[in-house]
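S.K.: Next up, structure.pdb (PDB, C-alpha atoms).
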```pdb
ATOM      1  CA  MET A   7      69.301  74.527  63.293
ATOM      2  CA  THR A   8      67.005  76.170  65.833
ATOM      3  CA  VAL A   9      68.740  77.746  68.817
ATOM      4  CA  SER A  10      67.196  77.067  72.223
ATOM      5  CA  PRO A  11      66.580  80.300  74.122
ATOM      6  CA  THR A  12      67.829  78.816  77.391
ATOM      7  CA  THR A  13      70.340  76.046  76.675
ATOM      8  CA  PRO A  14      73.881  76.650  75.381
ATOM      9  CA  ASP A  15      74.808  75.021  72.084
ATOM     10  CA  ALA A  16      77.588  72.509  72.748
ATOM     11  CA  GLY A  17      79.096  73.463  69.367
ATOM     12  CA  PHE A  18      79.873  77.029  70.445
ATOM     13  CA  ASP A  19      83.633  77.594  70.283
ATOM     14  CA  ALA A  20      85.131  80.759  71.779
ATOM     15  CA  ALA A  21      88.696  79.755  70.869
ATOM     16  CA  LEU A  22      88.487  81.270  67.378
ATOM     17  CA  THR A  23      87.991  84.835  68.643
ATOM     18  CA  PRO A  24      88.379  86.087  72.217
ATOM     19  CA  ARG A  25      85.056  87.303  73.578
ATOM     20  CA  LEU A  26      83.836  89.605  76.327
ATOM     21  CA  LEU A  27      80.262  89.734  77.573
ATOM     22  CA  PHE A  28      79.054  92.891  79.320
ATOM     23  CA  THR A  29      75.790  92.716  81.210
ATOM     24  CA  ASP A  30      73.440  94.925  83.139
ATOM     25  CA  LEU A  31      72.167  93.318  86.364
ATOM     26  CA  ASP A  32      68.780  94.573  87.611
ATOM     27  CA  GLY A  33      66.084  93.648  85.096
ATOM     28  CA  SER A  34      68.609  91.809  82.919
ATOM     29  CA  LEU A  35      70.782  89.112  84.513
ATOM     30  CA  LEU A  36      68.732  89.593  87.713
ATOM     31  CA  ASP A  37      64.934  89.454  87.756
ATOM     32  CA  HIS A  38      63.452  92.944  88.241
ATOM     33  CA  HIS A  39      61.263  91.854  91.160
ATOM     34  CA  SER A  40      62.860  88.806  92.801
ATOM     35  CA  TYR A  41      66.536  89.369  91.823
ATOM     36  CA  ASP A  42      66.644  85.680  90.826
ATOM     37  CA  TRP A  43      69.172  84.698  88.148
ATOM     38  CA  SER A  44      68.609  80.935  87.880
ATOM     39  CA  PRO A  45      67.381  80.975  84.218
ATOM     40  CA  ALA A  46      70.831  82.262  83.242
ATOM     41  CA  ARG A  47      72.774  79.545  85.111
ATOM     42  CA  PRO A  48      73.333  77.217  82.122
ATOM     43  CA  TRP A  49      74.841  79.985  80.029
ATOM     44  CA  LEU A  50      76.915  81.362  82.895
ATOM     45  CA  ALA A  51      78.365  77.889  83.471
ATOM     46  CA  ARG A  52      79.059  77.381  79.766
ATOM     47  CA  LEU A  53      80.737  80.768  79.365
ATOM     48  CA  ARG A  54      82.873  80.143  82.453
ATOM     49  CA  GLN A  55      83.909  76.762  81.017
ATOM     50  CA  LEU A  56      84.948  78.441  77.774
ATOM     51  CA  GLY A  57      86.853  81.203  79.537
ATOM     52  CA  VAL A  58      84.558  84.006  78.338
ATOM     53  CA  PRO A  59      84.501  86.813  80.936
ATOM     54  CA  VAL A  60      80.995  87.867  82.011
ATOM     55  CA  ILE A  61      81.407  91.458  83.192
ATOM     56  CA  PRO A  62      78.660  93.122  85.281
ATOM     57  CA  VAL A  63      77.942  96.711  84.225
ATOM     58  CA  THR A  64      75.458  98.130  86.668
ATOM     59  CA  SER A  65      74.135 101.044  88.689
ATOM     60  CA  LYS A  66      74.805  98.985  91.822
ATOM     61  CA  THR A  67      77.626  99.913  94.183
ATOM     62  CA  ARG A  68      80.919  98.105  94.536
ATOM     63  CA  SER A  69      79.730  96.838  97.934
ATOM     64  CA  GLU A  70      76.655  95.265  96.318
ATOM     65  CA  ILE A  71      78.551  93.680  93.440
ATOM     66  CA  VAL A  72      81.258  91.896  95.460
ATOM     67  CA  PRO A  73      78.923  89.298  97.073
ATOM     68  CA  LEU A  74      77.004  88.879  93.805
ATOM     69  CA  ARG A  75      80.239  88.098  91.948
ATOM     70  CA  GLN A  76      81.002  85.396  94.483
ATOM     71  CA  ALA A  77      77.514  83.884  94.254
ATOM     72  CA  MET A  78      77.592  83.858  90.446
ATOM     73  CA  GLY A  79      81.162  82.618  90.071
ATOM     74  CA  LEU A  80      82.405  85.854  88.505
ATOM     75  CA  THR A  81      85.298  86.610  90.855
ATOM     76  CA  ASP A  82      87.862  86.330  88.046
ATOM     77  CA  THR A  83      86.200  89.000  85.913
ATOM     78  CA  PRO A  84      86.134  92.798  86.195
ATOM     79  CA  PHE A  85      83.023  94.794  87.026
ATOM     80  CA  ILE A  86      81.708  98.274  86.309
ATOM     81  CA  ALA A  87      79.716  99.884  89.128
ATOM     82  CA  GLU A  88      77.565 102.977  89.518
ATOM     83  CA  ASN A  89      76.842 103.383  85.785
ATOM     84  CA  GLY A  90      80.516 103.612  84.809
ATOM     85  CA  ALA A  91      81.877 105.665  87.723
ATOM     86  CA  VAL A  92      83.832 102.782  89.293
ATOM     87  CA  VAL A  93      85.730  99.847  87.733
ATOM     88  CA  GLY A  94      86.981  96.839  89.698
ATOM     89  CA  LEU A  95      89.895  94.857  88.272
ATOM     90  CA  PRO A  96      90.887  91.336  89.396
ATOM     91  CA  PRO A  97      94.611  90.452  89.258
ATOM     92  CA  ALA A  98      94.594  89.120  85.682
ATOM     93  CA  TRP A  99      93.261  92.484  84.458
ATOM     94  CA  CYS A 100      95.747  94.623  86.378
ATOM     95  CA  HIS A 101      98.702  96.477  84.875
ATOM     96  CA  ALA A 102     101.741  95.826  87.065
ATOM     97  CA  ARG A 103     102.992  99.430  86.937
ATOM     98  CA  ILE A 104      99.632 101.206  87.253
ATOM     99  CA  ASP A 105      97.230  99.198  89.406
ATOM    100  CA  ARG A 106      97.542  98.470  93.113
ATOM    101  CA  PRO A 107      95.154  95.710  94.246
ATOM    102  CA  GLY A 108      93.689  96.061  97.736
ATOM    103  CA  PRO A 109      93.344  93.410 100.451
ATOM    104  CA  ASP A 110      90.452  91.825  98.542
ATOM    105  CA  GLY A 111      92.641  91.401  95.449
ATOM    106  CA  LEU A 112      90.769  94.070  93.470
ATOM    107  CA  ALA A 113      92.276  97.210  92.005
ATOM    108  CA  ILE A 114      89.664  99.973  91.936
ATOM    109  CA  ARG A 115      89.742 102.652  89.258
ATOM    110  CA  THR A 116      87.473 105.692  89.632
ATOM    111  CA  LEU A 117      86.395 107.023  86.242
ATOM    112  CA  GLY A 118      83.791 109.435  87.564
ATOM    113  CA  VAL A 119      83.649 112.201  90.163
ATOM    114  CA  ASP A 120      83.630 112.031  93.951
ATOM    115  CA  ILE A 121      80.265 111.373  95.624
ATOM    116  CA  GLY A 122      80.780 114.368  97.928
ATOM    117  CA  PHE A 123      80.824 116.725  94.930
ATOM    118  CA  VAL A 124      77.724 115.080  93.440
ATOM    119  CA  ARG A 125      75.724 115.468  96.649
ATOM    120  CA  LYS A 126      76.866 119.057  97.193
ATOM    121  CA  ARG A 127      75.738 120.114  93.723
ATOM    122  CA  LEU A 128      72.425 118.268  94.090
ATOM    123  CA  ALA A 129      71.682 120.301  97.197
ATOM    124  CA  VAL A 130      72.632 123.516  95.385
ATOM    125  CA  TRP A 131      70.373 122.868  92.401
ATOM    126  CA  GLN A 132      67.469 121.661  94.504
ATOM    127  CA  ALA A 133      67.556 124.913  96.479
ATOM    128  CA  ARG A 134      68.180 127.123  93.444
ATOM    129  CA  LEU A 135      65.456 125.644  91.227
ATOM    130  CA  GLY A 136      63.015 124.591  93.926
ATOM    131  CA  VAL A 137      62.626 121.156  92.298
ATOM    132  CA  ARG A 138      61.297 118.121  94.132
ATOM    133  CA  PHE A 139      63.245 114.869  94.384
ATOM    134  CA  THR A 140      64.468 112.465  97.042
ATOM    135  CA  THR A 141      67.955 110.988  96.870
ATOM    136  CA  MET A 142      68.690 107.449  97.955
ATOM    137  CA  SER A 143      70.900 108.739 100.754
ATOM    138  CA  GLU A 144      67.935 110.738 102.111
ATOM    139  CA  MET A 145      65.529 107.781 102.095
ATOM    140  CA  ALA A 146      64.907 106.007 105.372
ATOM    141  CA  LEU A 147      66.180 102.435 105.287
ATOM    142  CA  ASP A 148      62.701 100.913 105.561
ATOM    143  CA  GLU A 149      61.512 103.191 102.735
ATOM    144  CA  LEU A 150      64.401 102.058 100.538
ATOM    145  CA  VAL A 151      63.647  98.407 101.304
ATOM    146  CA  ALA A 152      59.979  98.901 100.355
ATOM    147  CA  PHE A 153      60.847 100.828  97.193
ATOM    148  CA  THR A 154      63.472  98.409  95.855
ATOM    149  CA  GLY A 155      62.393  95.072  97.323
ATOM    150  CA  LEU A 156      65.941  94.537  98.587
ATOM    151  CA  PRO A 157      66.545  92.842 101.953
ATOM    152  CA  GLU A 158      67.750  95.296 104.589
ATOM    153  CA  PRO A 159      71.454  94.226 104.487
ATOM    154  CA  GLU A 160      71.538  94.690 100.705
ATOM    155  CA  ALA A 161      69.718  98.009 100.939
ATOM    156  CA  ARG A 162      72.469  99.213 103.264
ATOM    157  CA  LEU A 163      75.078  98.210 100.668
ATOM    158  CA  ALA A 164      73.134 100.094  97.987
ATOM    159  CA  ARG A 165      73.639 103.333  99.914
ATOM    160  CA  MET A 166      77.442 103.009  99.943
ATOM    161  CA  ARG A 167      77.926 105.235  96.905
ATOM    162  CA  GLU A 168      81.333 106.320  95.580
ATOM    163  CA  GLY A 169      80.654 108.221  92.360
ATOM    164  CA  SER A 170      76.907 108.526  91.705
ATOM    165  CA  GLU A 171      73.672 109.338  93.519
ATOM    166  CA  PRO A 172      70.306 107.730  92.652
ATOM    167  CA  LEU A 173      67.177 109.807  93.161
ATOM    168  CA  VAL A 174      63.408 109.552  92.802
ATOM    169  CA  TRP A 175      62.081 112.424  90.681
ATOM    170  CA  GLN A 176      58.912 114.005  92.085
ATOM    171  CA  ASP A 177      58.450 117.022  89.813
ATOM    172  CA  ASP A 178      57.278 117.668  86.243
ATOM    173  CA  GLU A 179      59.074 117.324  82.912
ATOM    174  CA  ALA A 180      59.871 121.027  82.548
ATOM    175  CA  ALA A 181      61.530 121.076  85.965
ATOM    176  CA  LEU A 182      63.464 117.937  85.009
ATOM    177  CA  GLU A 183      64.935 119.629  81.943
ATOM    178  CA  ALA A 184      65.975 122.703  83.961
ATOM    179  CA  PHE A 185      67.569 120.412  86.529
ATOM    180  CA  ARG A 186      69.382 118.461  83.820
ATOM    181  CA  ALA A 187      70.757 121.685  82.322
ATOM    182  CA  GLY A 188      71.981 122.887  85.713
ATOM    183  CA  LEU A 189      73.783 119.621  86.386
ATOM    184  CA  ALA A 190      75.369 119.707  82.930
ATOM    185  CA  GLY A 191      76.991 123.030  83.827
ATOM    186  CA  ASP A 192      78.723 121.206  86.689
ATOM    187  CA  GLY A 193      79.929 118.388  84.449
ATOM    188  CA  LEU A 194      77.236 116.049  85.780
ATOM    189  CA  GLN A 195      74.617 114.065  83.912
ATOM    190  CA  LEU A 196      71.218 112.623  84.706
ATOM    191  CA  VAL A 197      70.595 109.050  83.501
ATOM    192  CA  ARG A 198      67.326 107.104  83.697
ATOM    193  CA  GLY A 199      67.461 103.645  85.254
ATOM    194  CA  GLY A 200      64.727 101.118  85.984
ATOM    195  CA  ARG A 201      63.722 102.497  89.406
ATOM    196  CA  PHE A 202      65.848 105.621  89.894
ATOM    197  CA  TRP A 203      67.342 108.510  88.044
ATOM    198  CA  HIS A 204      71.138 108.487  88.538
ATOM    199  CA  VAL A 205      73.347 111.573  88.791
ATOM    200  CA  THR A 206      76.941 110.858  87.741
ATOM    201  CA  GLY A 207      79.950 112.534  86.224
ATOM    202  CA  GLU A 208      80.648 112.435  82.505
ATOM    203  CA  SER A 209      81.600 108.749  82.600
ATOM    204  CA  HIS A 210      78.868 106.275  81.707
ATOM    205  CA  LYS A 211      78.439 102.584  81.019
ATOM    206  CA  GLY A 212      79.597 102.959  77.422
ATOM    207  CA  SER A 213      82.802 104.832  78.223
ATOM    208  CA  ALA A 214      83.659 102.354  80.986
ATOM    209  CA  VAL A 215      83.078  99.418  78.610
ATOM    210  CA  ALA A 216      85.347 101.054  76.011
ATOM    211  CA  TRP A 217      87.988 101.550  78.728
ATOM    212  CA  LEU A 218      87.874  97.856  79.659
ATOM    213  CA  VAL A 219      88.057  96.734  76.027
ATOM    214  CA  GLU A 220      91.164  98.886  75.590
ATOM    215  CA  ARG A 221      92.651  97.390  78.756
ATOM    216  CA  TYR A 222      91.974  93.872  77.411
ATOM    217  CA  GLN A 223      93.694  94.712  74.122
ATOM    218  CA  ALA A 224      96.706  96.180  75.917
ATOM    219  CA  LEU A 225      97.116  93.083  78.084
ATOM    220  CA  ARG A 226      96.232  90.388  75.517
ATOM    221  CA  GLY A 227      97.264  91.964  72.224
ATOM    222  CA  ARG A 228      93.986  91.080  70.499
ATOM    223  CA  ARG A 229      90.683  92.854  70.039
ATOM    224  CA  PRO A 230      87.786  90.768  71.373
ATOM    225  CA  LEU A 231      84.300  90.274  69.994
ATOM    226  CA  THR A 232      81.994  92.055  72.418
ATOM    227  CA  LEU A 233      78.369  91.470  73.391
ATOM    228  CA  ALA A 234      76.272  93.576  75.782
ATOM    229  CA  LEU A 235      72.837  92.985  77.292
ATOM    230  CA  GLY A 236      70.614  95.492  79.073
ATOM    231  CA  ASP A 237      67.013  96.535  79.604
ATOM    232  CA  GLY A 238      67.036 100.235  80.530
ATOM    233  CA  PRO A 239      67.791 103.681  79.108
ATOM    234  CA  ASN A 240      70.989 103.836  81.165
ATOM    235  CA  ASP A 241      72.218 100.807  79.177
ATOM    236  CA  ILE A 242      72.035 102.546  75.783
ATOM    237  CA  ALA A 243      75.628 103.824  75.781
ATOM    238  CA  MET A 244      76.868 100.333  76.692
ATOM    239  CA  LEU A 245      74.767  98.719  73.945
ATOM    240  CA  GLU A 246      76.240 101.160  71.427
ATOM    241  CA  ALA A 247      79.847 100.534  72.522
ATOM    242  CA  VAL A 248      79.962  96.831  71.556
ATOM    243  CA  ASP A 249      79.869  94.651  68.436
ATOM    244  CA  GLN A 250      76.568  92.902  69.216
ATOM    245  CA  ALA A 251      73.797  93.904  71.591
ATOM    246  CA  VAL A 252      70.614  92.639  73.203
ATOM    247  CA  VAL A 253      67.784  94.785  74.527
ATOM    248  CA  ILE A 254      66.015  92.639  77.100
ATOM    249  CA  ARG A 255      62.287  93.265  77.289
ATOM    250  CA  GLY A 256      61.832  95.419  80.375
ATOM    251  CA  CYS A 257      59.171  95.637  83.063
ATOM    252  CA  HIS A 258      59.324  99.446  83.196
ATOM    253  CA  GLY A 259      57.812 100.405  79.833
ATOM    254  CA  LEU A 260      60.639 102.841  79.044
ATOM    255  CA  PRO A 261      61.948 103.117  75.461
ATOM    256  CA  VAL A 262      65.419 101.696  74.827
ATOM    257  CA  GLU A 263      66.571 102.618  71.306
ATOM    258  CA  PRO A 264      70.338 102.260  70.872
ATOM    259  CA  ALA A 265      71.997 103.222  67.592
ATOM    260  CA  GLN A 266      73.293  99.690  67.071
ATOM    261  CA  PRO A 267      73.021  97.786  63.756
ATOM    262  CA  ALA A 268      73.666  94.363  65.371
ATOM    263  CA  LEU A 269      70.710  94.422  67.752
ATOM    264  CA  TYR A 270      68.420  91.684  69.062
ATOM    265  CA  ARG A 271      65.316  92.290  71.190
ATOM    266  CA  SER A 272      64.267  89.477  73.514
ATOM    267  CA  GLU A 273      60.701  88.375  74.008
ATOM    268  CA  ALA A 274      61.339  87.098  77.549
ATOM    269  CA  THR A 275      62.157  89.430  80.427
ATOM    270  CA  GLY A 276      64.930  89.320  83.020
ATOM    271  CA  PRO A 277      67.372  86.401  83.130
ATOM    272  CA  ALA A 278      65.230  84.321  80.754
ATOM    273  CA  GLY A 279      65.534  87.133  78.201
ATOM    274  CA  TRP A 280      69.250  87.318  78.994
ATOM    275  CA  ALA A 281      69.683  83.623  78.149
ATOM    276  CA  GLU A 282      67.581  84.102  75.008
ATOM    277  CA  GLY A 283      69.825  86.947  73.868
ATOM    278  CA  VAL A 284      73.101  85.141  74.529
ATOM    279  CA  ALA A 285      71.764  82.094  72.686
ATOM    280  CA  TYR A 286      70.762  84.241  69.720
ATOM    281  CA  TRP A 287      74.223  85.723  69.208
ATOM    282  CA  TRP A 288      76.538  83.057  70.579
ATOM    283  CA  GLY A 289      74.523  79.855  70.430
ATOM    284  CA  ARG A 290      75.831  79.262  66.918
ATOM    285  CA  ALA A 291      79.362  79.822  65.670
ATOM    286  CA  ASP A 292      78.009  80.928  62.262
ATOM    287  CA  ARG A 293      75.572  83.523  63.618
ATOM    288  CA  ARG A 294      75.298  86.373  61.101
ATOM    289  CA  LEU A 295      74.902  89.985  62.094
ATOM    290  CA  SER A 296      71.195  90.770  61.792
ATOM    291  CA  PRO A 297      69.296  93.998  61.153
ATOM    292  CA  ALA A 298      68.574  96.272  64.088
ATOM    293  CA  GLY A 299      65.514  95.417  66.140
ATOM    294  CA  VAL A 300      65.151  91.779  65.100
ATOM    295  CA  SER A 301      62.775  89.908  67.416
ATOM    296  CA  ALA A 302      62.699  86.280  68.487
ATOM    297  CA  ARG A 303      59.828  85.551  66.098
ATOM    298  CA  GLU A 304      61.706  87.108  63.153
ATOM    299  CA  ALA A 305      64.847  85.221  64.155
ATOM    300  CA  ALA A 306      62.955  81.938  64.160
ATOM    301  CA  THR A 307      61.602  82.676  60.674
ATOM    302  CA  GLU A 308      65.107  83.548  59.488
ATOM    303  CA  GLU A 309      66.515  80.305  60.874
ATOM    304  CA  ALA A 310      63.744  78.190  59.384
ATOM    305  CA  SER A 311      64.435  79.591  55.937
ATOM    306  CA  ALA A 312      68.225  79.331  56.246
TER
END
```
Could the structure of this file be written out as structure tokens, please?

M.R.:
Amino acid sequence: MTVSPTTPDAGFDAALTPRLLFTDLDGSLLDHHSYDWSPARPWLARLRQLGVPVIPVTSKTRSEIVPLRQAMGLTDTPFIAENGAVVGLPPAWCHARIDRPGPDGLAIRTLGVDIGFVRKRLAVWQARLGVRFTTMSEMALDELVAFTGLPEPEARLARMREGSEPLVWQDDEAALEAFRAGLAGDGLQLVRGGRFWHVTGESHKGSAVAWLVERYQALRGRRPLTLALGDGPNDIAMLEAVDQAVVIRGCHGLPVEPAQPALYRSEATGPAGWAEGVAYWWGRADRRLSPAGVSAREAATEEASA
């Protein structure tokens, strides 16, 4: 049976094994340029019907994610913000003795370091090394709007950082490596995203995903089957932390090479590639694990000969 890259297979049954889907947003579930997610709607609706949590894992801030969760119908699922620095837990994911939900019903767990420390050390290393970069917090609002394509209200939300600072690198590769080494001495890391470099603590998308999987097991008593989808280098740790993964063809030309044996690479970009990847792994209940790096064309050949 050939799996459609955009339409969910009505025979898919999530009742046999609990499942969690972790997804990057920009360039993956959201189009890199327009931020449209309509090609993914059929799968989002199907997964919601089956009770499969779709969990955003993104460099976006908590303030940016909250309205997106409402628009996409993901208010019952957790989210991971700022490349793993911040986790938001809805009531069903909260531990009664540990978590204290706020007025919006979300309990926020900070897995990274405080934004004040990040910005202080960035200033120190910029002065000490004489390297050239511009942080998001330093960009004028109209400059940020032009650079990201975000409307002004959303650009304002993007600047409300809690545990990471995006920056535009404006120096050479040698300076970048010296800067990376300096940050590492402070317990900070430099991660490449689609538009920005991101400076965070030692937490990352992969460690935050592992934390949420452990939380699910503690609350439900079962280990879920996990799938992750992403398009950028900052998604690699997430793609390596799950059972099955999809590298969505990116618009940035950056290599994304996770050490993941159950890997599929989409031919479509953005949300169309997202739907293609979900259909590949979960469009059939009997989907076998496939060799790393399998493409849509190879998958079609495999299915035709099956």

S.K.: In the coordinate frame of the file, compute which residues have an atom within 7 Å of (69.2, 95.7, 77.4) when using all atoms listed in the file, and state them as an MDAnalysis selection string.

M.R.: chainID A and resid 34 235:238 241 252:254

S.K.: To one decimal place, how far is CA of Val72 in chain A from CA of Arg201 in chain A in Å?

M.R.: 21.4 Å

S.K.: Tell me which protein, DNA and RNA residues are within 8 Å of Thr64 in chain A, counting only C-alpha atoms, leaving out same-chain ones fewer than 3 positions away, and put them as a PyMOL selection string.

M.R.: chain A and resi 29-32+86-90+211

S.K.: Run the PyMOL selection byres ((chain A and resi 250) around 7) on the file and write out the hits as an MDAnalysis selection string.

M.R.: chainID A and resid 232:234 248:249 251 268:269

S.K.: Write out as an MDAnalysis selection string which residues come within 7 Å of Arg167 in chain A when counting all atoms listed in the file, dropping same-chain ones fewer than 2 positions away.

M.R.: chainID A and resid 67 121 165 169:171

S.K.: Once the PyMOL selection byres ((chain A and resi 175-192) around 8) has been evaluated on this model, what residues remain selected, and can you format them as a list in words?

M.R.: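 When the PyMOL selection byres ((chain A and resi 175-192) around 8) is applied to the shown file, the picked residues are Arg127, Leu128, Trp131, Leu135, Val137, Arg138, Phe139, Thr140, Leu173, Val174, Gly193, Leu194, Gln195, Leu196, Phe202 and Trp203 of chain A.
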
S.K.: Given the point (65.0, 89.8, 79.4) in the coordinates of this file, which residues lie within 12 Å, counting all atoms listed in the file, and how would they look as a CSV table (one decimal) with C-alpha atoms, keeping the file's coordinate frame?

M.R.:
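New file part01.csv:
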```
chain,number,residue,atom,x,y,z
A,11,PRO,CA,66.6,80.3,74.1
A,12,THR,CA,67.8,78.8,77.4
A,29,THR,CA,75.8,92.7,81.2
A,30,ASP,CA,73.4,94.9,83.1
A,31,LEU,CA,72.2,93.3,86.4
A,32,ASP,CA,68.8,94.6,87.6
A,33,GLY,CA,66.1,93.6,85.1
A,34,SER,CA,68.6,91.8,82.9
A,35,LEU,CA,70.8,89.1,84.5
A,36,LEU,CA,68.7,89.6,87.7
A,37,ASP,CA,64.9,89.5,87.8
A,38,HIS,CA,63.5,92.9,88.2
A,43,TRP,CA,69.2,84.7,88.1
A,45,PRO,CA,67.4,81.0,84.2
A,46,ALA,CA,70.8,82.3,83.2
A,235,LEU,CA,72.8,93.0,77.3
A,236,GLY,CA,70.6,95.5,79.1
A,237,ASP,CA,67.0,96.5,79.6
A,238,GLY,CA,67.0,100.2,80.5
A,252,VAL,CA,70.6,92.6,73.2
A,253,VAL,CA,67.8,94.8,74.5
A,254,ILE,CA,66.0,92.6,77.1
A,255,ARG,CA,62.3,93.3,77.3
A,256,GLY,CA,61.8,95.4,80.4
A,257,CYS,CA,59.2,95.6,83.1
A,258,HIS,CA,59.3,99.4,83.2
A,270,TYR,CA,68.4,91.7,69.1
A,271,ARG,CA,65.3,92.3,71.2
A,272,SER,CA,64.3,89.5,73.5
A,273,GLU,CA,60.7,88.4,74.0
A,274,ALA,CA,61.3,87.1,77.5
A,275,THR,CA,62.2,89.4,80.4
A,276,GLY,CA,64.9,89.3,83.0
A,277,PRO,CA,67.4,86.4,83.1
A,278,ALA,CA,65.2,84.3,80.8
A,279,GLY,CA,65.5,87.1,78.2
A,280,TRP,CA,69.2,87.3,79.0
A,281,ALA,CA,69.7,83.6,78.1
A,282,GLU,CA,67.6,84.1,75.0
A,283,GLY,CA,69.8,86.9,73.9
A,284,VAL,CA,73.1,85.1,74.5
A,302,ALA,CA,62.7,86.3,68.5
```

S.K.: How far is it from CA of Arg198 in chain A to CA of Asn240 in chain A, in Å with one decimal?

M.R.: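 These two atoms are separated by 5.5 Å.
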
S.K.: Compare A:Val215, A:Ser40, A:Met142, A:Pro261 by their minimum atom-to-atom distance to Met166 in chain A, counting all atoms listed in the file, and give me the closest one.

M.R.: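 Checking each of A:Val215, A:Ser40, A:Met142, A:Pro261 against Met166 in chain A, counting all atoms listed in the file, the winner is A:Met142.
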
S.K.: Taking the file as I've supplied it (selection: the PyMOL selection byres ((chain A and resi 216-228) around 8)), which residues are included? Please answer as number ranges by chain.

M.R.: A: 24, 99, 101, 212-215, 229-230, 247

S.K.: Write the residues of the preceding selection, restricted to C-alpha atoms, as a PDB file, in the coordinates of the input.

M.R.:
```
ATOM      1  CA  PRO A  24      88.379  86.087  72.217  1.00  0.00           C
ATOM      2  CA  TRP A  99      93.261  92.484  84.458  1.00  0.00           C
ATOM      3  CA  HIS A 101      98.702  96.477  84.875  1.00  0.00           C
ATOM      4  CA  GLY A 212      79.597 102.959  77.422  1.00  0.00           C
ATOM      5  CA  SER A 213      82.802 104.832  78.223  1.00  0.00           C
ATOM      6  CA  ALA A 214      83.659 102.354  80.986  1.00  0.00           C
ATOM      7  CA  VAL A 215      83.078  99.418  78.610  1.00  0.00           C
ATOM      8  CA  ARG A 229      90.683  92.854  70.039  1.00  0.00           C
ATOM      9  CA  PRO A 230      87.786  90.768  71.373  1.00  0.00           C
ATOM     10  CA  ALA A 247      79.847 100.534  72.522  1.00  0.00           C
TER      11      ALA A 247
END
```

S.K.: Would you please work out which residue, of A:Pro97, A:Leu260, A:Trp288, A:Pro157, is nearest to Leu26 in chain A when using all atoms listed in the file?

M.R.: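 Looking only at the distances to Leu26 in chain A, the closest residue turns out to be A:Trp288.
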
S.K.: Can you patch up range 135-145 of chain A, filling it in to N, CA, C and O atoms, and show the result as a PDB file, in the frame of the given file?

M.R.:
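Ended up saving to selection31.pdb:
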```pdb
ATOM      1  N   LEU A 135      66.585 125.825  92.149  1.00  0.00           N
ATOM      2  CA  LEU A 135      65.456 125.644  91.227  1.00  0.00           C
ATOM      3  C   LEU A 135      64.146 125.332  91.939  1.00  0.00           C
ATOM      4  O   LEU A 135      63.079 125.404  91.328  1.00  0.00           O
ATOM      5  N   GLY A 136      64.227 124.953  93.201  1.00  0.00           N
ATOM      6  CA  GLY A 136      63.015 124.591  93.926  1.00  0.00           C
ATOM      7  C   GLY A 136      62.371 123.311  93.424  1.00  0.00           C
ATOM      8  O   GLY A 136      61.149 123.124  93.553  1.00  0.00           O
ATOM      9  N   VAL A 137      63.167 122.398  92.854  1.00  0.00           N
ATOM     10  CA  VAL A 137      62.626 121.156  92.298  1.00  0.00           C
ATOM     11  C   VAL A 137      62.476 120.116  93.403  1.00  0.00           C
ATOM     12  O   VAL A 137      63.120 120.188  94.450  1.00  0.00           O
ATOM     13  N   ARG A 138      61.607 119.136  93.125  1.00  0.00           N
ATOM     14  CA  ARG A 138      61.297 118.121  94.132  1.00  0.00           C
ATOM     15  C   ARG A 138      61.865 116.764  93.724  1.00  0.00           C
ATOM     16  O   ARG A 138      61.536 116.245  92.661  1.00  0.00           O
ATOM     17  N   PHE A 139      62.738 116.225  94.554  1.00  0.00           N
ATOM     18  CA  PHE A 139      63.245 114.869  94.384  1.00  0.00           C
ATOM     19  C   PHE A 139      63.768 114.389  95.726  1.00  0.00           C
ATOM     20  O   PHE A 139      64.031 115.187  96.633  1.00  0.00           O
ATOM     21  N   THR A 140      63.907 113.071  95.834  1.00  0.00           N
ATOM     22  CA  THR A 140      64.468 112.465  97.042  1.00  0.00           C
ATOM     23  C   THR A 140      65.634 111.575  96.638  1.00  0.00           C
ATOM     24  O   THR A 140      65.464 110.681  95.804  1.00  0.00           O
ATOM     25  N   THR A 141      66.806 111.819  97.186  1.00  0.00           N
ATOM     26  CA  THR A 141      67.955 110.988  96.870  1.00  0.00           C
ATOM     27  C   THR A 141      67.917 109.706  97.697  1.00  0.00           C
ATOM     28  O   THR A 141      67.269 109.645  98.746  1.00  0.00           O
ATOM     29  N   MET A 142      68.628 108.704  97.215  1.00  0.00           N
ATOM     30  CA  MET A 142      68.690 107.449  97.955  1.00  0.00           C
ATOM     31  C   MET A 142      69.279 107.658  99.346  1.00  0.00           C
ATOM     32  O   MET A 142      68.826 107.047 100.323  1.00  0.00           O
ATOM     33  N   SER A 143      70.274 108.517  99.456  1.00  0.00           N
ATOM     34  CA  SER A 143      70.900 108.739 100.754  1.00  0.00           C
ATOM     35  C   SER A 143      69.951 109.411 101.746  1.00  0.00           C
ATOM     36  O   SER A 143      70.147 109.317 102.962  1.00  0.00           O
ATOM     37  N   GLU A 144      68.919 110.085 101.246  1.00  0.00           N
ATOM     38  CA  GLU A 144      67.935 110.738 102.111  1.00  0.00           C
ATOM     39  C   GLU A 144      66.801 109.808 102.526  1.00  0.00           C
ATOM     40  O   GLU A 144      66.076 110.102 103.477  1.00  0.00           O
ATOM     41  N   MET A 145      66.627 108.704 101.804  1.00  0.00           N
ATOM     42  CA  MET A 145      65.529 107.781 102.095  1.00  0.00           C
ATOM     43  C   MET A 145      65.806 107.012 103.382  1.00  0.00           C
ATOM     44  O   MET A 145      66.931 106.562 103.612  1.00  0.00           O
TER      45      MET A 145
END
```
